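> If it helps, the file is called run_36.csv and holds CSV, C-alpha atoms and all ligand atoms:
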chain,number,residue,atom,x,y,z
A,17,MET,CA,114.1,97.8,81.6
A,18,GLU,CA,115.2,95.8,84.5
A,19,LEU,CA,113.6,95.8,88.0
A,20,ILE,CA,115.8,96.4,91.1
A,21,ASP,CA,114.4,93.8,93.4
A,22,GLY,CA,114.6,95.3,96.9
A,23,ASN,CA,113.1,92.2,98.5
A,24,ARG,CA,115.8,89.9,97.0
A,25,ILE,CA,118.7,92.3,97.8
A,26,ALA,CA,117.4,92.9,101.4
A,27,ALA,CA,117.0,89.1,101.9
A,28,SER,CA,120.7,88.5,101.0
A,29,LEU,CA,121.8,91.3,103.4
A,30,ILE,CA,119.6,89.8,106.1
A,31,ALA,CA,121.2,86.4,105.6
A,32,GLU,CA,124.7,88.0,105.9
A,33,LEU,CA,123.6,89.8,109.1
A,34,LYS,CA,122.2,86.5,110.5
A,35,ALA,CA,125.5,84.8,110.1
A,36,GLN,CA,127.4,87.8,111.5
A,37,VAL,CA,125.1,87.9,114.6
A,38,ALA,CA,125.5,84.1,115.2
A,39,ALA,CA,129.3,84.6,115.3
A,40,LEU,CA,129.2,87.5,117.8
A,41,PRO,CA,130.6,87.0,121.3
A,42,GLY,CA,128.3,87.4,124.4
A,43,ARG,CA,124.7,88.4,124.2
A,44,PRO,CA,122.9,89.2,120.9
A,45,PRO,CA,122.4,92.9,119.8
A,46,CYS,CA,119.4,94.5,121.3
A,47,LEU,CA,117.2,97.1,119.5
A,48,ALA,CA,114.7,99.3,121.4
A,49,LEU,CA,111.7,100.2,119.2
A,50,VAL,CA,109.7,103.1,120.5
A,51,ARG,CA,106.3,103.8,118.9
A,52,VAL,CA,104.3,106.7,120.3
A,53,GLY,CA,100.6,106.3,119.7
A,54,ASP,CA,98.8,104.0,117.2
A,55,ASP,CA,99.3,105.5,113.7
A,56,PRO,CA,98.4,102.5,111.5
A,57,ALA,CA,101.4,102.8,109.2
A,58,SER,CA,103.8,103.1,112.2
A,59,VAL,CA,102.1,100.0,113.8
A,60,SER,CA,102.9,97.9,110.6
A,61,TYR,CA,106.5,99.4,110.3
A,62,VAL,CA,107.4,98.5,113.9
A,63,ARG,CA,105.9,95.0,113.5
A,64,LYS,CA,108.0,94.5,110.4
A,65,LYS,CA,111.2,95.7,112.2
A,66,GLU,CA,110.4,93.4,115.2
A,67,GLN,CA,109.9,90.4,112.8
A,68,THR,CA,113.1,91.1,110.9
A,69,ALA,CA,115.1,91.5,114.1
A,70,ALA,CA,113.8,88.1,115.3
A,71,GLU,CA,114.8,86.5,112.0
A,72,ILE,CA,118.4,87.8,112.4
A,73,GLY,CA,118.8,86.9,116.0
A,74,VAL,CA,118.6,90.6,117.2
A,75,THR,CA,116.6,91.0,120.4
A,76,SER,CA,114.0,93.7,120.3
A,77,ARG,CA,112.5,95.6,123.2
A,78,ILE,CA,109.1,97.3,122.2
A,79,LEU,CA,108.0,100.4,124.1
A,80,LEU,CA,104.6,101.8,123.3
A,81,PRO,CA,103.9,105.0,125.1
A,82,PRO,CA,100.5,106.6,124.4
A,83,ALA,CA,100.2,109.6,122.0
A,84,THR,CA,99.4,111.7,125.2
A,85,ILE,CA,102.9,111.2,126.6
A,86,SER,CA,104.6,114.6,127.1
A,87,GLN,CA,107.8,115.5,125.3
A,88,ALA,CA,109.6,115.6,128.7
A,89,ASP,CA,108.4,112.1,129.6
A,90,LEU,CA,109.4,110.8,126.2
A,91,CYS,CA,112.8,112.3,126.7
A,92,ARG,CA,113.1,110.6,130.1
A,93,LEU,CA,112.2,107.3,128.5
A,94,ILE,CA,115.0,107.8,125.9
A,95,ASP,CA,117.4,108.8,128.7
A,96,ASP,CA,116.7,105.5,130.4
A,97,LEU,CA,117.4,103.6,127.2
A,98,ASN,CA,120.6,105.6,126.6
A,99,ALA,CA,121.8,104.6,130.1
A,100,ASP,CA,120.8,100.9,129.8
A,101,PRO,CA,123.9,98.8,128.9
A,102,GLY,CA,121.6,96.0,127.6
A,103,VAL,CA,120.4,98.2,124.8
A,104,ASP,CA,122.6,98.8,121.7
A,105,GLY,CA,120.3,100.6,119.4
A,106,ILE,CA,117.2,102.9,119.8
A,107,LEU,CA,114.7,103.7,117.1
A,108,ILE,CA,112.0,106.3,117.7
A,109,GLN,CA,109.3,105.5,115.0
A,110,SER,CA,108.7,108.6,112.8
A,111,PRO,CA,106.4,110.4,112.4
A,112,LEU,CA,105.7,111.3,116.0
A,113,PRO,CA,102.1,112.5,116.7
A,114,LYS,CA,101.5,116.2,116.2
A,115,GLY,CA,102.8,118.4,118.9
A,116,PHE,CA,106.2,116.8,119.4
A,117,ASP,CA,109.5,118.5,118.5
A,118,GLU,CA,110.7,115.6,116.4
A,119,VAL,CA,114.2,116.8,115.8
A,120,ALA,CA,114.7,117.5,119.6
A,121,VAL,CA,113.6,113.9,120.2
A,122,PHE,CA,116.0,112.5,117.6
A,123,ARG,CA,118.8,114.5,119.3
A,124,ARG,CA,118.0,113.0,122.7
A,125,VAL,CA,119.1,109.6,121.6
A,126,ALA,CA,122.8,109.0,122.4
A,127,PRO,CA,124.7,109.2,119.1
A,128,GLU,CA,126.3,105.8,119.7
A,129,LYS,CA,122.8,104.2,120.0
A,130,ASP,CA,121.3,106.3,117.2
A,131,VAL,CA,120.7,103.4,114.7
A,132,ASP,CA,118.3,105.6,112.8
A,133,GLY,CA,121.1,108.0,112.0
A,134,PHE,CA,119.1,111.2,112.7
A,135,HIS,CA,121.3,112.7,115.4
A,136,THR,CA,123.2,115.8,114.6
A,137,VAL,CA,126.5,114.0,115.2
A,138,ASN,CA,125.6,111.2,112.8
A,139,LEU,CA,124.4,113.5,110.1
A,140,GLY,CA,127.6,115.5,110.6
A,141,LYS,CA,129.7,112.3,110.2
A,142,VAL,CA,128.0,111.6,106.8
A,143,ALA,CA,129.1,115.1,105.7
A,144,GLN,CA,132.6,114.5,107.0
A,145,GLU,CA,132.7,111.0,105.5
A,146,ASP,CA,133.5,109.5,108.9
A,147,ASP,CA,132.5,105.8,109.0
A,148,THR,CA,132.3,105.6,112.8
A,149,GLY,CA,128.7,107.0,112.7
A,150,PHE,CA,125.3,105.7,111.6
A,151,VAL,CA,123.9,106.5,108.2
A,152,ALA,CA,120.1,107.0,108.1
A,153,CYS,CA,118.5,103.7,107.0
A,154,THR,CA,116.6,104.8,103.9
A,155,PRO,CA,119.5,106.7,102.2
A,156,ALA,CA,121.9,103.9,103.2
A,157,GLY,CA,119.5,101.4,101.7
A,158,ILE,CA,119.4,103.4,98.4
A,159,MET,CA,123.2,103.4,98.2
A,160,GLU,CA,123.3,99.6,98.9
A,161,LEU,CA,120.6,98.9,96.2
A,162,LEU,CA,122.6,100.9,93.7
A,163,ALA,CA,125.9,99.2,94.6
A,164,ARG,CA,124.4,95.7,94.5
A,165,SER,CA,122.8,96.5,91.2
A,166,GLY,CA,126.2,97.5,89.7
A,167,VAL,CA,125.4,101.2,89.4
A,168,ASP,CA,128.5,103.4,90.0
A,169,LEU,CA,127.7,107.1,90.4
A,170,ARG,CA,131.1,108.3,89.3
A,171,GLY,CA,130.5,110.5,86.2
A,172,LYS,CA,126.8,110.4,86.6
A,173,HIS,CA,124.4,113.2,87.2
A,174,VAL,CA,122.2,112.3,90.2
A,175,VAL,CA,119.0,114.3,90.7
A,176,VAL,CA,117.4,114.0,94.1
A,177,LEU,CA,113.7,115.1,94.3
A,178,GLY,CA,113.1,116.1,98.0
A,179,ARG,CA,115.4,117.6,100.7
A,180,SER,CA,114.0,116.0,103.9
A,181,LEU,CA,116.4,115.2,106.7
A,182,ILE,CA,115.3,111.6,106.6
A,183,VAL,CA,115.9,110.9,102.8
A,184,GLY,CA,116.7,113.8,100.4
A,185,LYS,CA,119.6,115.6,102.2
A,186,PRO,CA,121.5,112.5,103.5
A,187,VAL,CA,121.2,110.6,100.2
A,188,ALA,CA,122.5,113.7,98.3
A,189,LEU,CA,125.5,113.8,100.7
A,190,LEU,CA,126.1,110.1,100.2
A,191,ALA,CA,126.0,110.3,96.4
A,192,LEU,CA,128.4,113.2,96.6
A,193,GLN,CA,131.0,111.4,98.8
A,194,LYS,CA,134.5,110.9,97.6
A,195,ARG,CA,134.5,107.1,97.7
A,196,ALA,CA,134.0,104.1,95.5
A,197,GLY,CA,130.5,103.8,94.1
A,198,ALA,CA,129.7,107.5,94.9
A,199,ASN,CA,131.5,110.6,93.4
A,200,GLY,CA,128.2,111.6,91.8
A,201,THR,CA,127.4,115.1,90.5
A,202,VAL,CA,124.3,115.9,92.5
A,203,THR,CA,121.4,118.3,92.1
A,204,VAL,CA,118.8,118.5,94.8
A,205,CYS,CA,115.2,119.7,94.0
A,206,HIS,CA,112.4,120.8,96.3
A,207,SER,CA,109.1,122.6,96.3
A,208,ALA,CA,110.7,126.0,95.4
A,209,THR,CA,112.6,124.6,92.4
A,210,PRO,CA,111.4,126.1,89.1
A,211,ASP,CA,111.0,123.9,86.0
A,212,LEU,CA,111.5,120.6,87.7
A,213,PRO,CA,111.1,118.5,84.6
A,214,ALA,CA,114.0,120.3,82.9
A,215,LEU,CA,116.3,119.2,85.8
A,216,THR,CA,114.9,115.7,86.2
A,217,ARG,CA,115.4,115.1,82.5
A,218,LEU,CA,119.1,115.6,83.0
A,219,ALA,CA,119.3,112.8,85.6
A,220,ASP,CA,121.3,109.6,84.8
A,221,VAL,CA,120.1,108.5,88.3
A,222,LEU,CA,116.8,110.0,89.6
A,223,ILE,CA,115.9,109.5,93.2
A,224,ALA,CA,112.3,110.5,94.0
A,225,ALA,CA,111.5,111.2,97.6
A,226,ILE,CA,108.7,113.8,97.8
A,227,GLY,CA,105.6,111.9,99.0
A,228,ARG,CA,103.4,112.8,96.0
A,229,PRO,CA,101.8,109.7,94.4
A,230,GLU,CA,103.0,109.1,90.9
A,231,PHE,CA,104.4,112.6,90.5
A,232,VAL,CA,107.2,111.7,88.2
A,233,THR,CA,105.9,110.9,84.7
A,234,ALA,CA,107.6,109.6,81.6
A,235,GLU,CA,108.3,113.1,80.1
A,236,MET,CA,110.3,114.0,83.2
A,237,VAL,CA,112.8,111.0,82.7
A,238,LYS,CA,115.7,110.7,80.4
A,239,PRO,CA,115.7,107.5,78.4
A,240,GLY,CA,118.0,104.9,79.9
A,241,ALA,CA,118.0,106.5,83.4
A,242,VAL,CA,118.1,104.6,86.7
A,243,VAL,CA,115.1,105.5,88.8
A,244,ILE,CA,114.9,105.0,92.5
A,245,ASP,CA,111.4,105.5,93.9
A,246,VAL,CA,111.4,106.1,97.6
A,247,GLY,CA,107.8,107.2,97.9
A,248,ILE,CA,105.3,105.1,99.9
A,249,ASN,CA,101.9,106.7,99.5
A,250,ARG,CA,98.5,105.3,100.4
A,251,VAL,CA,96.0,106.0,97.7
A,252,PRO,CA,92.3,105.2,98.2
A,253,ASP,CA,91.3,102.1,96.2
A,254,PRO,CA,87.8,100.7,96.9
A,255,THR,CA,88.6,97.5,95.0
A,256,ARG,CA,91.1,96.5,97.7
A,257,LYS,CA,90.0,94.9,101.0
A,258,THR,CA,92.2,97.5,102.9
A,259,GLY,CA,90.5,100.3,101.0
A,260,TYR,CA,93.9,101.6,99.7
A,261,ARG,CA,96.8,100.7,97.6
A,262,LEU,CA,100.5,101.7,97.9
A,263,THR,CA,102.1,103.7,95.2
A,264,GLY,CA,105.4,105.4,94.8
A,265,ASP,CA,106.3,108.9,93.8
A,266,VAL,CA,106.9,107.6,90.2
A,267,HIS,CA,104.2,106.7,87.7
A,268,PHE,CA,105.6,103.2,87.2
A,269,PRO,CA,103.5,102.2,84.1
A,270,SER,CA,104.7,105.1,81.9
A,271,VAL,CA,108.2,105.6,83.4
A,272,SER,CA,109.4,102.0,83.6
A,273,PRO,CA,109.6,101.4,79.8
A,274,ARG,CA,112.0,104.4,79.5
A,275,CYS,CA,114.4,103.3,82.3
A,276,SER,CA,117.4,101.0,82.3
A,277,LEU,CA,116.7,100.1,86.0
A,278,ILE,CA,113.8,101.0,88.3
A,279,THR,CA,112.7,100.1,91.9
A,280,PRO,CA,109.1,99.0,92.3
A,281,VAL,CA,106.8,100.1,95.1
A,282,PRO,CA,106.3,98.1,97.2
A,283,GLY,CA,109.4,95.8,97.1
A,284,GLY,CA,112.1,98.4,96.3
A,285,VAL,CA,113.5,100.8,98.8
A,286,GLY,CA,111.2,99.8,101.6
A,287,PRO,CA,112.7,96.4,102.5
A,288,MET,CA,116.2,97.9,102.3
A,289,THR,CA,115.3,100.5,105.0
A,290,VAL,CA,114.5,97.7,107.5
A,291,ALA,CA,117.6,95.7,106.5
A,292,MET,CA,119.9,98.7,107.0
A,293,LEU,CA,118.3,99.3,110.4
A,294,MET,CA,119.5,95.8,111.4
A,295,LYS,CA,122.9,96.5,109.9
A,296,ASN,CA,123.2,99.6,112.0
A,297,THR,CA,122.1,97.7,115.1
A,298,VAL,CA,124.7,95.0,114.6
A,299,LYS,CA,127.3,97.8,114.0
A,300,ALA,CA,126.2,99.4,117.3
A,301,ARG,CA,126.7,96.1,119.1
A,302,LEU,CA,130.2,95.7,117.5
A,303,LEU,CA,131.1,99.3,118.5
A,304,SER,CA,130.0,98.7,122.1
A,305,LEU,CA,132.3,95.6,122.2
A,306,SER,CA,135.2,97.6,120.9
A,307,PRO,CA,134.5,101.3,120.9
A,308,ALA,CA,136.0,103.2,118.0
A,309,PRO,CA,138.7,105.8,118.8
A,310,ALA,CA,137.3,109.3,118.9
A,311,ARG,CA,137.8,111.3,115.7
B,1,LIG,P1,108.9,114.9,103.5
B,1,LIG,O1,109.7,115.1,104.8
B,1,LIG,O2,107.5,115.3,103.4
B,1,LIG,O3,109.8,115.8,102.4
B,1,LIG,C1,109.3,115.9,101.1
B,1,LIG,C2,110.2,116.7,100.2
B,1,LIG,O4,109.7,116.7,98.9
B,1,LIG,C3,110.4,118.1,100.7
B,1,LIG,O5,111.8,118.5,100.6
B,1,LIG,C4,109.5,118.9,99.8
B,1,LIG,O6,110.0,120.2,99.5
B,1,LIG,C5,109.6,118.1,98.5
B,1,LIG,N1,108.4,118.3,97.7
B,1,LIG,C6,107.1,118.0,98.1
B,1,LIG,N2,106.3,118.3,97.1
B,1,LIG,C7,107.1,118.7,96.0
B,1,LIG,C8,106.8,119.2,94.7
B,1,LIG,N3,105.5,119.2,94.2
B,1,LIG,N4,107.8,119.5,93.9
B,1,LIG,C9,109.1,119.5,94.4
B,1,LIG,N5,109.4,119.0,95.6
B,1,LIG,C10,108.4,118.7,96.4
B,1,LIG,O7,109.0,113.4,103.0
B,1,LIG,P2,110.1,112.3,103.3
B,1,LIG,O8,110.0,111.9,104.7
B,1,LIG,O9,111.4,112.6,102.7
B,1,LIG,O10,109.4,111.1,102.4
B,1,LIG,C11,109.3,111.2,101.0
B,1,LIG,C12,108.5,110.0,100.5
B,1,LIG,O11,109.3,108.8,100.8
B,1,LIG,C13,107.2,109.7,101.3
B,1,LIG,O12,106.3,109.1,100.3
B,1,LIG,C14,107.5,108.7,102.4
B,1,LIG,O13,106.5,107.9,102.7
B,1,LIG,C15,108.6,107.9,101.7
B,1,LIG,N6,109.6,107.3,102.6
B,1,LIG,C16,109.8,106.0,102.3
B,1,LIG,C17,110.8,105.3,103.1
B,1,LIG,C18,111.1,103.9,102.7
B,1,LIG,O14,111.5,103.1,103.6
B,1,LIG,N7,110.9,103.5,101.5
B,1,LIG,C19,111.4,105.9,104.1
B,1,LIG,C20,111.1,107.3,104.4
B,1,LIG,C21,110.2,107.9,103.6
B,1,LIG,P3,110.2,121.3,100.6
B,1,LIG,O15,111.4,121.0,101.4
B,1,LIG,O16,110.4,122.6,99.8
B,1,LIG,O17,108.9,121.3,101.4
Could the structure of this file be written out as structure tokens, please?


Amino acid sequence: MELIDGNRIAASLIAELKAQVAALPGRPPCLALVRVGDDPASVSYVRKKEQTAAEIGVTSRILLPPATISQADLCRLIDDLNADPGVDGILIQSPLPKGFDEVAVFRRVAPEKDVDGFHTVNLGKVAQEDDTGFVACTPAGIMELLARSGVDLRGKHVVVLGRSLIVGKPVALLALQKRAGANGTVTVCHSATPDLPALTRLADVLIAAIGRPEFVTAEMVKPGAVVIDVGINRVPDPTRKTGYRLTGDVHFPSVSPRCSLITPVPGGVGPMTVAMLMKNTVKARLLSLSPAPAR
């Protein structure tokens, strides 16, 4: 078994982006990070994104409306960012507090600034294999991890556990694309799928994104499989100062000896998500400098 080191792969991507930003004409790319309320995980994710942006030379603009902001006022705030020529990318940190229509908020972001890739237009472009759009950061990060680890999906059975808009559906579409590195044969499973283990055991590449701590156990995995663990779950752990530990959707101790390659949690998919956000922000800046022809 070999580990896929997301920290190392993200660091090389970040170094490439830093060089690319340094060579850009005019002002640096600018990313607006909008965090509604004070959810502790969101606080740490936005801080990490701000730090990584600074490392690359991307300017970040942090907006912290309270959880009591109305949907209409949040939409107005997004409209202002959409209209601001000094902002290239807009990220609305998910999950929003209860009561918001999250998909409507994602759709409010102008598609050409939607570096999170959740707008209908950008999801549609993934389905149409149109490279002028933005691919959602976690699925894009998974594909980059596979590519940089030498895993070609052609001729492979890819099983995706989870069908969310943020991970499961877009990663399934990406694995299916008719392009180098992809061309996978894809099965998507969800909570209404009967006999999950029978399907996951068929996977040459298993992508687990269900948000259930250590759900995937050894008997669900084919020997020699590549396992990508997207899950980030906080599990109570009184022995830690924080009172919790992070665990993936895969039971790492039993599954890892069976795999050829596996991502750890933390240090696997997570760092790639942030790196791909930066890649999308640099792309947004490049597109604003020379807009792509409409397709
Ligand atoms: P989500 O929106 O809650 O979706 C979970 C998906 O898993 C749903 O499609 C659900 O099925 C399915 N599911 C849940 N329980 C299941 C079960 N027992 N058997 C089969 N399918 C089941 O979650 P998400 O946003 O995709 O996130 C998934 C995990 O990835 C979470 O741990 C999250 O924290 C993590 N995540 C990590 C990153 C990163 O950067 N590494 C980014 C995003 C998310 P239904 O559709 O039928 O309900």

> For Gly197 of chain A, find every residue with an atom within 9 Å (counting all atoms listed in the file), except residues of its own chain fewer than 5 positions away, and show them as JSON, numbers by chain.

{"A": [159, 162, 163, 166, 167, 168, 169, 170, 191]}

> Show me which residues line ligand LIG 1 (chain B), defined as having an atom within 8 Å of a ligand atom where all atoms listed in the file count, and present them as JSON, numbers by chain.

{"A": [153, 154, 177, 178, 179, 180, 181, 182, 183, 184, 205, 206, 207, 208, 209, 212, 224, 225, 226, 227, 228, 229, 231, 245, 246, 247, 248, 249, 264, 265, 284, 285, 286, 287, 288, 289, 290]}

> For the atom pair atom CA of Arg256 of chain A and atom CA of Val271 of chain A, what is the interatomic distance in Å to one decimal place?

24.1 Å

> Can you work out the spacing between atom CA of Pro56 of chain A and atom CA of Thr68 of chain A in Å, to one decimal?

18.6 Å

> My list of candidates is A:Leu189, A:Val176, A:Ala69, A:Cys46. Which is closest to Arg301 of chain A when distances are computed with only C-alpha atoms?

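Closest to Arg301 of chain A, using only C-alpha atoms: A:Cys46.
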
> For a test of reading the model, state the distance in Å between atom CA of Ser272 of chain A and atom CA of Arg195 of chain A, rounded to one decimal.

29.2 Å

> Find the spatial neighbours of Asp104 of chain A, counting only C-alpha atoms, within a cut-off of 10 Å - ignore same-chain residues fewer than 5 positions away - and output them as a list in words.

Pro44, Pro45, Cys46, Leu47, Ala48, Thr75, Leu97, Asn98, Glu128, Lys129, Asp130, Val131, Asn296, Thr297, Val298, Lys299, Ala300, Arg301, Leu302, Leu303 and Ser304 of chain A

> Just checking: using all atoms listed in the file, which residue out of A:Ala35, A:Ile25, A:Ala57, A:Val52 ends up closest to Ile158 of chain A?

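Comparing A:Ala35, A:Ile25, A:Ala57, A:Val52 against Ile158 of chain A, the winner is A:Ile25.
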
> At most 7 Å from (97.9, 103.9, 98.5), file frame, only C-alpha atoms: which residues, as a short mmCIF file (atom, residue, chain, number, x, y, z; two decimals) with C-alpha atoms, keeping the file's coordinate frame?


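New file selection.cif:
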data_model
loop_
_atom_site.label_atom_id
_atom_site.label_comp_id
_atom_site.auth_asym_id
_atom_site.auth_seq_id
_atom_site.Cartn_x
_atom_site.Cartn_y
_atom_site.Cartn_z
CA ASN A 249 101.90 106.70 99.50
CA ARG A 250 98.50 105.30 100.40
CA VAL A 251 96.00 106.00 97.70
CA PRO A 252 92.30 105.20 98.20
CA TYR A 260 93.90 101.60 99.70
CA ARG A 261 96.80 100.70 97.60
CA LEU A 262 100.50 101.70 97.90
CA THR A 263 102.10 103.70 95.20
#

> Up to 6 Å from (110.5, 94.9, 96.4) in the file's coordinates: name the residues, counting only C-alpha atoms, as a PyMOL selection string.

chain A and resi 21-23+280+282-284
